[in-house]
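One structure is given here, and the rest of the page talks about it.
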Amino acid sequence: MKKQKTWLGFSLALLATMTWGSLPVAAQQALKAVDAPTLVWIRFLVASLVLFALLGLTGKLPRPSEFSKQTLFLLVLGIVGISANFVLVAMGLHYISPTTTQVLWQLSPFTMILVGVGVFKEAFTHWQKIGLMLLLTGLVMFFNDKFGELLSLGSYAVGVIMAASGSMIWVCYGVAQKLLSKHFNSQQILLMIYFCSSFVFLPFAEPSQIAHIGNPFLWGCFIYCCLNTLIGYGSFGEALNHWDASKVSIVTTLIPVFTMIFSTIGHYLAPDYFAASDMNIVSYVGAMVVVTGALLAVAGEKVMGLFLRKI
């Protein structure tokens with residue numbers, strides 16, 4: 001059994017969590033200069049080119065002989081899932097805050113759990129049921145002062161629907177990744193999905209927008225968005241090599257917390273760019289309840305087991 005490197009695994013998981021937590025904060029700024037399809041296209045393109053170079057240098061590029069009708073179908077499923085996720089969340093940022101997108105992102109692991117129960121016949125544990133109840137309760141609390149905007153089906157509701165849909169459709173990628181891992185390693189799967197997704201968005205992208213960004217600050221946000229995919233998924237993948245998957249998952253449930261932190265810091269340092277939070281105290285508590293629900297869903301039994309042993 002491979003020896004675990006706890007601090008390295010934790011540090012990498014924390015880096016991935018902070019990277020993903022900061023992404024919508026930077027993306028909301030980058031979207032002032034380029035549209036969503038262009039931003040998504042360049043993110044996929046940069047990630048696929050870097051992965052292609054790394055796997056090519058190490059002789060680990062996927063071979064044509066490894067493909068079959070089943071793997072091609074799963075590849076298409078993964079492309080649909082991650083492409084729709086990227087663009088829907090990016091488009092949603094035109095209407096809602098970065099924190100709202102990340103709170104809604106917690107719908108993703110629960111959708112994955114339900115798919116696991118329905119498709120893979122996995123058990124729906126006691127803690128997952130409690131986590132689901134907390135998720136729903138937390139979402140009601142989070143949107144406590146936004147029900148009027150949601151029911152009016154205005155721009156705010158459109159943003160929420162986009163972000164929620166993007167989070168849930170990501171599960172198509174999650175399922176594809178799970179099944180493709182029997183044939184390819186994680187980096188090979190990401191390379192194929194990123195490369196194909198870049199072609200999906202190419203007809204909708206306008207590369208000329210990139211040349212007209214102009215503002216150095218927006219350039220910085222744009223470049224960070226391009227590198228974010230590599231940093232986040234790279235750190236996450238390495239964390240799994242050095243630490244238990246369940247423990248890595250516990251750390252990643254904190255993504256909305258880091259989004260709130262980065263949003264607050266951004267407004268404090270550059271109020272002309274980053275808007276102040278429009279959340280009240282109930283919304284903040286609701287966000288924490290959502291995070292708690294996700295935590296119980298991914299690692300309830302382990303967390304409670306450790307707690308009971310301590311007492």
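Naming works like this for the structure tokens: A, B, ... for the chains as they're shown, residue 1 at the start of each chain, ligands 1 onward in shown order.
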- [ ] Name the residues of range 141-311 of chain A that fall into alpha helix (DSSP H) according to DSSP on the backbone, using the chain letters and numbers of this document, as JSON, numbers by chain.
- [x] {"A": [141, 142, 147, 148, 149, 150, 151, 155, 156, 157, 158, 159, 160, 161, 162, 163, 164, 165, 166, 167, 168, 169, 170, 171, 172, 173, 174, 175, 176, 177, 178, 179, 180, 186, 187, 188, 189, 190, 191, 192, 193, 194, 195, 196, 197, 198, 199, 200, 201, 208, 209, 210, 211, 216, 217, 218, 219, 220, 221, 222, 223, 224, 225, 226, 227, 228, 229, 230, 231, 232, 233, 234, 235, 236, 237, 238, 239, 240, 241, 242, 245, 246, 247, 248, 249, 250, 251, 252, 255, 256, 257, 258, 259, 260, 261, 262, 263, 264, 265, 266, 267, 268, 269, 281, 282, 283, 284, 285, 286, 287, 288, 289, 290, 291, 292, 293, 294, 295, 296, 297, 298, 299, 300, 301, 302, 303, 304, 305, 306, 307, 308, 309, 310]}
Enumerate, in order of chain and increasing residue number, the residues of range 187-241 of chain A with an atom no farther than 8 Å from range 50-61 of chain A, each with its shortest atom pair and distance in Å to one decimal, counting only C-alpha atoms, as JSON lines.
```
{"residue": "A:Gln187", "atom": "CA", "partner": "A:Leu51", "partner_atom": "CA", "distance": 7.3}
{"residue": "A:Gln188", "atom": "CA", "partner": "A:Leu61", "partner_atom": "CA", "distance": 6.6}
{"residue": "A:Leu191", "atom": "CA", "partner": "A:Leu51", "partner_atom": "CA", "distance": 5.9}
```
Open item on the list: Give me, as an NGL selection string, all polymer residues having an atom no more than 7 Å from Gly81 in chain A, counting only C-alpha atoms and skipping those fewer than 2 positions away in the same chain.
Closed with: :A and (77-79 or 83-85 or 169-173)
Go ahead and dump the residues you just picked, N, CA and C atoms, as an mmCIF file, in the first residue's frame.
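Output (again_10.cif):
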```
data_model
loop_
_atom_site.group_PDB
_atom_site.id
_atom_site.type_symbol
_atom_site.label_atom_id
_atom_site.label_comp_id
_atom_site.auth_asym_id
_atom_site.auth_seq_id
_atom_site.Cartn_x
_atom_site.Cartn_y
_atom_site.Cartn_z
ATOM 1 N N LEU A 77 -20.034 11.831 -23.490
ATOM 2 C CA LEU A 77 -20.786 12.159 -22.277
ATOM 3 C C LEU A 77 -19.993 13.127 -21.399
ATOM 4 N N GLY A 78 -18.701 12.861 -21.254
ATOM 5 C CA GLY A 78 -17.853 13.737 -20.464
ATOM 6 C C GLY A 78 -17.721 15.120 -21.069
ATOM 7 N N ILE A 79 -17.607 15.179 -22.387
ATOM 8 C CA ILE A 79 -17.492 16.465 -23.088
ATOM 9 C C ILE A 79 -18.758 17.290 -22.887
ATOM 10 N N SER A 83 -18.427 20.687 -20.666
ATOM 11 C CA SER A 83 -18.618 21.869 -21.515
ATOM 12 C C SER A 83 -19.839 22.662 -21.060
ATOM 13 N N ALA A 84 -20.942 21.961 -20.821
ATOM 14 C CA ALA A 84 -22.158 22.630 -20.368
ATOM 15 C C ALA A 84 -21.943 23.264 -19.001
ATOM 16 N N ASN A 85 -21.216 22.558 -18.128
ATOM 17 C CA ASN A 85 -20.923 23.101 -16.799
ATOM 18 C C ASN A 85 -20.146 24.408 -16.894
ATOM 19 N N ILE A 169 -25.416 19.182 -14.322
ATOM 20 C CA ILE A 169 -25.019 18.497 -15.558
ATOM 21 C C ILE A 169 -23.551 18.085 -15.515
ATOM 22 N N TRP A 170 -22.774 18.683 -14.598
ATOM 23 C CA TRP A 170 -21.383 18.269 -14.402
ATOM 24 C C TRP A 170 -21.300 16.784 -14.068
ATOM 25 N N VAL A 171 -22.372 16.245 -13.515
ATOM 26 C CA VAL A 171 -22.392 14.828 -13.133
ATOM 27 C C VAL A 171 -22.166 13.925 -14.351
ATOM 28 N N CYS A 172 -22.571 14.378 -15.540
ATOM 29 C CA CYS A 172 -22.287 13.597 -16.760
ATOM 30 C C CYS A 172 -20.782 13.395 -16.905
ATOM 31 N N TYR A 173 -20.020 14.457 -16.628
ATOM 32 C CA TYR A 173 -18.560 14.336 -16.653
ATOM 33 C C TYR A 173 -18.085 13.407 -15.539
#
```
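Close contacts of Pro62 in chain A, defined as residues with an atom at most 9 Å away when counting only C-alpha atoms, with chain neighbours fewer than 4 positions off set aside, comprise Leu55, Glu66, Phe67, Phe184, Gln188, Ile189 and Met192 of chain A.
Minimum atom-to-atom distances from A:Leu12, A:Val158, A:Val140, A:Val80 to Ile193 in chain A were compared using only C-alpha atoms, and the lowest value belongs to A:Val80.
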Open item on the list: Which residue is closest to Phe10 in chain A? Choose from A:Thr252, A:Tyr284, A:Phe73, A:Met162 and count only C-alpha atoms.
Closed with: A:Thr252
TODO: Between A:Ser249, A:Thr100, A:Asn228, A:Gln70, single out the one closest to Ala294 in chain A, counting only C-alpha atoms.
DONE: A:Ser249
- [ ] May I have the residues within 10 Å of Leu45 in chain A as an NGL selection string, using only C-alpha atoms and disregarding those fewer than 2 positions away in the same chain?
- [x] :A and (39-43 or 47-51 or 191 or 194-199 or 201-202 or 226)
- [ ] Kindly indicate which residue among A:Ser108, A:Thr101, A:Thr259, A:Thr229 lies nearest to Ile161 in chain A, using only C-alpha atoms for the distances.
- [x] A:Thr101
So that each row is one residue of range 54-148 of chain A with an atom at most 10 Å from range 18-22 of chain A, can you give its shortest atom pair and the distance in Å to one decimal, using only C-alpha atoms, rows by chain and rising number, as a Markdown table?
```
| residue | atom | partner | partner_atom | distance |
| --- | --- | --- | --- | --- |
| A:Pro98 | CA | A:Ser22 | CA | 8.6 |
| A:Thr99 | CA | A:Gly21 | CA | 8.6 |
| A:Gln102 | CA | A:Gly21 | CA | 7.4 |
```
Residue subset to file, keeping N, CA, C and O atoms, as a PDB file, in the first residue's frame:
```pdb
ATOM      1  N   PRO A  98     -20.384  35.464  -7.332  1.00  0.00           N
ATOM      2  CA  PRO A  98     -19.530  34.265  -7.290  1.00  0.00           C
ATOM      3  C   PRO A  98     -19.892  33.316  -6.151  1.00  0.00           C
ATOM      4  O   PRO A  98     -19.875  32.096  -6.311  1.00  0.00           O
ATOM      5  N   THR A  99     -20.219  33.872  -4.981  1.00  0.00           N
ATOM      6  CA  THR A  99     -20.585  33.030  -3.834  1.00  0.00           C
ATOM      7  C   THR A  99     -21.825  32.217  -4.132  1.00  0.00           C
ATOM      8  O   THR A  99     -21.901  31.023  -3.788  1.00  0.00           O
ATOM      9  N   GLN A 102     -21.052  29.163  -6.198  1.00  0.00           N
ATOM     10  CA  GLN A 102     -20.352  28.101  -5.489  1.00  0.00           C
ATOM     11  C   GLN A 102     -21.239  27.413  -4.465  1.00  0.00           C
ATOM     12  O   GLN A 102     -21.062  26.227  -4.181  1.00  0.00           O
TER      13      GLN A 102
END
```
Task: Pick from A:Ala26, A:Leu114, A:Ala163, A:Ala33, whichever lies nearest to Ile210 in chain A using only C-alpha atoms - done: A:Ala33
